[in-house]
Amino acid sequence: MRRILANLSLKLKVTFFTLILFLLSIGLITYQFSAHLREELEVSLSEQQLSEVSFVAERIDNAVKLRIDSLALIANSITPQLLTDSPQLSAFLAERKAIYKLYKLGLIVISKDGRGLADFPHADGRARADFSQRDFYRQVMTSGKPAISKPGIGRFIKDPRLVIAVPIFNKSKQIVGVLAGILSLSDDSLLSDFNISTHPNTSAYLVVSPHDNLFVAATDKSRILQALPSPGINAMHDRYMRGYEGSGIAVNSRGVEELSSAKKIPSADWFVVGVIPTAIAFERITHIRNEAILSAIFV
């Protein structure tokens with residue numbers, strides 16, 4: 001290389017070094033421009049994505065509240081006398097047809113001592129099963145307030161499910177039973193509002209239960225009921241687990257860098273996360289940078 005440079009005339013040397021300086025300048029300007037543009041786009045996309053995620057979180061929060069309130073309304077109509085008559089109790093549940101649009105896997109009435117009294121629609125073994133050790137039953141009996149179970153596969157209907165339970169009171173406001181509703185996690189009921197055409201800044205959603213260490217729901221159904229990533233794998237996930245609401249970029253547990261945003265769902269003590277790979281989010285910037293590089297090479 002030195003020999004070649006030594007044989008070149010001064011004019012060619014000046015031209016050669018001028019070209020090198022020009023290409024380096026083009027490269028530096030292209031890098032600075034794309035970096036600045038990426039920063040601005042990241043702020044803009046983060047705000048838009050967080051707005052979309054907040055909308056979904058609010059809809060899920062309202063959906064959970066609707067299910068709790070609807071269940072409590074039915075529980076208020078169950079009298080202590082009705083609890084002693086299983087056939088009549090089953091007929092009572094069968095008449096509440098509207099509630100099964102919210103609880104597609106049915107309702108169960110449980111006695112004060114944790115024994116099943118009636119269910120609808122009927123599932124083999126469910127109506128007389130022992131629920132005394134179930135988390136939702138114990139929470140309701142202890143607190144006297146509605147409770148949400150840990151998501152899991154049902155005992156009687158082998159389907160990913162979630163149980164919401166409310167107390168049944170007598171006139172003296174003493175708990176005389178528990179009414180539980182079972183909703184499916186595989187029918188998109190929690191993420192029914194997700195439509196990729198109306199959420200351009202989010203390619204997938206995840207509903208996370210921090211205290212259960214599980215994904216409750218996801219647009220990618222393979223992640224439903226899967227364990228959450230261990231601490232230290234995904235920096236943004238760790239922040240969300242600590243209660244952060246906002247946006248950021250990190251490499252996920254599958255090795256893909258993505259832009260994500262999170263918002264809490266107060267009624268269930270969950271949070272929802274919206275994600276989009278940065279390769280998709282910043283695709284236009286990458287295209288502009290590559291065009292600039294190609295133009296510099298052509299020049």
# chains A, B, ... in the order shown; residues from 1 in each chain; ligands from 1
$ residues_around --residues "Ala262 in chain A" --least-positions-apart "4" --cutoff "12 Å" --atoms "only C-alpha atoms" --output "PyMOL selection string"
chain A and resi 46-47+49-58+202+205-208+236-249+270-275
$ write_last_selection --atoms "C-alpha atoms" --output "mmCIF file, in the first residue's frame"
data_model
loop_
_atom_site.group_PDB
_atom_site.id
_atom_site.type_symbol
_atom_site.label_atom_id
_atom_site.label_comp_id
_atom_site.auth_asym_id
_atom_site.auth_seq_id
_atom_site.Cartn_x
_atom_site.Cartn_y
_atom_site.Cartn_z
ATOM 1 C CA SER A 46 -42.954 4.907 23.027
ATOM 2 C CA GLU A 47 -45.650 7.506 23.625
ATOM 3 C CA GLN A 49 -47.337 2.427 22.201
ATOM 4 C CA LEU A 50 -47.935 3.371 25.840
ATOM 5 C CA SER A 51 -51.217 4.975 24.776
ATOM 6 C CA GLU A 52 -52.259 1.737 23.043
ATOM 7 C CA VAL A 53 -51.210 -0.377 26.043
ATOM 8 C CA SER A 54 -53.064 1.942 28.437
ATOM 9 C CA PHE A 55 -56.210 1.483 26.349
ATOM 10 C CA VAL A 56 -55.899 -2.311 26.497
ATOM 11 C CA ALA A 57 -55.148 -2.246 30.246
ATOM 12 C CA GLU A 58 -58.231 -0.123 30.881
ATOM 13 C CA THR A 202 -47.573 -3.060 19.061
ATOM 14 C CA TYR A 205 -49.525 -8.248 24.132
ATOM 15 C CA LEU A 206 -48.781 -10.095 27.365
ATOM 16 C CA VAL A 207 -50.911 -10.018 30.519
ATOM 17 C CA VAL A 208 -48.642 -10.652 33.510
ATOM 18 C CA MET A 236 -37.405 -3.883 31.100
ATOM 19 C CA HIS A 237 -39.376 -6.851 32.444
ATOM 20 C CA ASP A 238 -37.502 -6.473 35.742
ATOM 21 C CA ARG A 239 -38.502 -2.798 35.878
ATOM 22 C CA TYR A 240 -42.146 -3.631 35.200
ATOM 23 C CA MET A 241 -42.093 -6.252 37.949
ATOM 24 C CA ARG A 242 -40.933 -3.537 40.350
ATOM 25 C CA GLY A 243 -43.993 -1.462 39.448
ATOM 26 C CA TYR A 244 -42.677 0.765 36.653
ATOM 27 C CA GLU A 245 -45.250 2.009 34.148
ATOM 28 C CA GLY A 246 -43.743 3.316 30.934
ATOM 29 C CA SER A 247 -41.618 2.275 27.970
ATOM 30 C CA GLY A 248 -38.110 1.133 27.129
ATOM 31 C CA ILE A 249 -35.891 -1.047 24.965
ATOM 32 C CA TRP A 270 -51.706 -7.591 36.992
ATOM 33 C CA PHE A 271 -50.041 -5.526 34.304
ATOM 34 C CA VAL A 272 -50.209 -5.658 30.518
ATOM 35 C CA VAL A 273 -47.148 -5.337 28.293
ATOM 36 C CA GLY A 274 -47.152 -4.382 24.629
ATOM 37 C CA VAL A 275 -44.071 -5.263 22.574
#
$ residues_around --residues "Asp187 in chain A" --least-positions-apart "2" --cutoff "12 Å" --atoms "only C-alpha atoms" --output "PyMOL selection string"
chain A and resi 101-105+159-162+183-185+189-192+217-219+221+224
$ select_by_dssp --residues "range 53-280 of chain A" --states "helix (DSSP H, G or I)" --output "ChimeraX atom specification"
/A:53-75,80-83,86-95,97-101,135-143,221-223,235-241,278-280
$ select_by_dssp --residues "range 90-227 of chain A" --states "strand (DSSP E)" --output "PyMOL selection string"
chain A and resi 107-111+116-120+147-148+152-153+160-169+175-184+204-209+214-218
$ residues_around --residues "Gly106 in chain A" --least-positions-apart "3" --cutoff "7 Å" --atoms "only C-alpha atoms" --output "VMD selection string"
chain A and resid 100 103 120 to 121 181 to 182
$ decode --residues "range 114-129 of chain A" --atoms "all heavy atoms" --output "mmCIF file, in the first residue's frame"
data_model
loop_
_atom_site.group_PDB
_atom_site.id
_atom_site.type_symbol
_atom_site.label_atom_id
_atom_site.label_comp_id
_atom_site.auth_asym_id
_atom_site.auth_seq_id
_atom_site.Cartn_x
_atom_site.Cartn_y
_atom_site.Cartn_z
ATOM 1 N N GLY A 114 -66.662 -25.442 52.315
ATOM 2 C CA GLY A 114 -65.812 -25.742 51.161
ATOM 3 C C GLY A 114 -66.288 -26.855 50.260
ATOM 4 O O GLY A 114 -65.552 -27.260 49.351
ATOM 5 N N ARG A 115 -67.497 -27.358 50.441
ATOM 6 C CA ARG A 115 -68.022 -28.428 49.591
ATOM 7 C C ARG A 115 -68.878 -27.831 48.483
ATOM 8 O O ARG A 115 -69.651 -26.896 48.698
ATOM 9 C CB ARG A 115 -68.877 -29.405 50.396
ATOM 10 C CG ARG A 115 -68.172 -30.073 51.547
ATOM 11 C CD ARG A 115 -67.038 -30.961 51.104
ATOM 12 N NE ARG A 115 -67.487 -32.015 50.190
ATOM 13 C CZ ARG A 115 -66.679 -32.954 49.687
ATOM 14 N NH1 ARG A 115 -65.382 -32.943 50.004
ATOM 15 N NH2 ARG A 115 -67.141 -33.878 48.884
ATOM 16 N N GLY A 116 -68.762 -28.396 47.275
ATOM 17 C CA GLY A 116 -69.579 -27.957 46.166
ATOM 18 C C GLY A 116 -71.038 -28.300 46.393
ATOM 19 O O GLY A 116 -71.359 -29.376 46.910
ATOM 20 N N LEU A 117 -71.934 -27.381 46.021
ATOM 21 C CA LEU A 117 -73.370 -27.599 46.187
ATOM 22 C C LEU A 117 -74.083 -27.747 44.838
ATOM 23 O O LEU A 117 -75.008 -28.534 44.705
ATOM 24 C CB LEU A 117 -73.993 -26.434 46.958
ATOM 25 C CG LEU A 117 -73.501 -26.225 48.392
ATOM 26 C CD1 LEU A 117 -74.117 -24.965 48.982
ATOM 27 C CD2 LEU A 117 -73.837 -27.445 49.248
ATOM 28 N N ALA A 118 -73.649 -26.973 43.843
ATOM 29 C CA ALA A 118 -74.266 -27.027 42.517
ATOM 30 C C ALA A 118 -73.358 -26.329 41.528
ATOM 31 O O ALA A 118 -72.577 -25.434 41.894
ATOM 32 C CB ALA A 118 -75.644 -26.370 42.534
ATOM 33 N N ASP A 119 -73.457 -26.732 40.258
ATOM 34 C CA ASP A 119 -72.723 -26.045 39.204
ATOM 35 C C ASP A 119 -73.568 -26.011 37.936
ATOM 36 O O ASP A 119 -74.523 -26.768 37.790
ATOM 37 C CB ASP A 119 -71.374 -26.712 38.937
ATOM 38 C CG ASP A 119 -71.512 -28.057 38.242
ATOM 39 O OD1 ASP A 119 -72.531 -28.746 38.461
ATOM 40 O OD2 ASP A 119 -70.600 -28.445 37.493
ATOM 41 N N PHE A 120 -73.218 -25.113 37.050
ATOM 42 C CA PHE A 120 -73.868 -25.037 35.744
ATOM 43 C C PHE A 120 -72.937 -24.292 34.787
ATOM 44 O O PHE A 120 -72.365 -23.265 35.158
ATOM 45 C CB PHE A 120 -75.213 -24.305 35.829
ATOM 46 C CG PHE A 120 -76.006 -24.414 34.552
ATOM 47 C CD1 PHE A 120 -76.841 -25.495 34.336
ATOM 48 C CD2 PHE A 120 -75.881 -23.453 33.550
ATOM 49 C CE1 PHE A 120 -77.546 -25.613 33.145
ATOM 50 C CE2 PHE A 120 -76.582 -23.569 32.365
ATOM 51 C CZ PHE A 120 -77.422 -24.647 32.165
ATOM 52 N N PRO A 121 -72.785 -24.792 33.547
ATOM 53 C CA PRO A 121 -73.199 -26.109 33.061
ATOM 54 C C PRO A 121 -72.526 -27.226 33.881
ATOM 55 O O PRO A 121 -71.443 -27.038 34.423
ATOM 56 C CB PRO A 121 -72.711 -26.122 31.619
ATOM 57 C CG PRO A 121 -72.474 -24.692 31.260
ATOM 58 C CD PRO A 121 -72.073 -24.013 32.520
ATOM 59 N N HIS A 122 -73.168 -28.359 33.924
ATOM 60 C CA HIS A 122 -72.683 -29.449 34.763
ATOM 61 C C HIS A 122 -71.395 -30.042 34.199
ATOM 62 O O HIS A 122 -71.287 -30.318 33.008
ATOM 63 C CB HIS A 122 -73.747 -30.540 34.870
ATOM 64 C CG HIS A 122 -73.321 -31.687 35.727
ATOM 65 N ND1 HIS A 122 -73.141 -31.577 37.092
ATOM 66 C CD2 HIS A 122 -73.014 -32.983 35.398
ATOM 67 C CE1 HIS A 122 -72.757 -32.746 37.575
ATOM 68 N NE2 HIS A 122 -72.667 -33.606 36.565
ATOM 69 N N ALA A 123 -70.412 -30.229 35.076
ATOM 70 C CA ALA A 123 -69.160 -30.917 34.731
ATOM 71 C C ALA A 123 -68.992 -32.065 35.705
ATOM 72 O O ALA A 123 -69.162 -31.881 36.918
ATOM 73 C CB ALA A 123 -67.975 -29.964 34.820
ATOM 74 N N ASP A 124 -68.674 -33.234 35.219
ATOM 75 C CA ASP A 124 -68.575 -34.431 36.055
ATOM 76 C C ASP A 124 -67.679 -34.205 37.270
ATOM 77 O O ASP A 124 -66.509 -33.831 37.128
ATOM 78 C CB ASP A 124 -68.040 -35.610 35.234
ATOM 79 C CG ASP A 124 -69.057 -36.102 34.213
ATOM 80 O OD1 ASP A 124 -70.248 -35.776 34.367
ATOM 81 O OD2 ASP A 124 -68.649 -36.799 33.261
ATOM 82 N N GLY A 125 -68.255 -34.450 38.441
ATOM 83 C CA GLY A 125 -67.491 -34.380 39.676
ATOM 84 C C GLY A 125 -67.354 -32.999 40.278
ATOM 85 O O GLY A 125 -66.943 -32.859 41.438
ATOM 86 N N ARG A 126 -67.696 -31.942 39.532
ATOM 87 C CA ARG A 126 -67.448 -30.584 40.018
ATOM 88 C C ARG A 126 -68.435 -30.137 41.098
ATOM 89 O O ARG A 126 -68.036 -29.487 42.073
ATOM 90 C CB ARG A 126 -67.481 -29.599 38.836
ATOM 91 C CG ARG A 126 -67.080 -28.197 39.217
ATOM 92 C CD ARG A 126 -66.838 -27.327 37.996
ATOM 93 N NE ARG A 126 -68.052 -27.029 37.245
ATOM 94 C CZ ARG A 126 -68.102 -26.243 36.175
ATOM 95 N NH1 ARG A 126 -66.986 -25.691 35.727
ATOM 96 N NH2 ARG A 126 -69.242 -26.009 35.544
ATOM 97 N N ALA A 127 -69.709 -30.486 40.923
ATOM 98 C CA ALA A 127 -70.754 -29.981 41.823
ATOM 99 C C ALA A 127 -70.565 -30.431 43.268
ATOM 100 O O ALA A 127 -71.008 -29.744 44.188
ATOM 101 C CB ALA A 127 -72.126 -30.408 41.306
ATOM 102 N N ARG A 128 -69.929 -31.592 43.482
ATOM 103 C CA ARG A 128 -69.776 -32.117 44.854
ATOM 104 C C ARG A 128 -68.309 -32.171 45.287
ATOM 105 O O ARG A 128 -67.967 -32.848 46.243
ATOM 106 C CB ARG A 128 -70.391 -33.531 44.940
ATOM 107 C CG ARG A 128 -71.893 -33.573 44.697
ATOM 108 C CD ARG A 128 -72.645 -32.883 45.832
ATOM 109 N NE ARG A 128 -74.089 -32.929 45.638
ATOM 110 C CZ ARG A 128 -74.790 -31.996 45.026
ATOM 111 N NH1 ARG A 128 -74.162 -30.930 44.524
ATOM 112 N NH2 ARG A 128 -76.094 -32.091 44.890
ATOM 113 N N ALA A 129 -67.467 -31.463 44.597
ATOM 114 C CA ALA A 129 -66.025 -31.509 44.873
ATOM 115 C C ALA A 129 -65.677 -30.718 46.132
ATOM 116 O O ALA A 129 -66.450 -29.897 46.628
ATOM 117 C CB ALA A 129 -65.247 -30.966 43.685
#
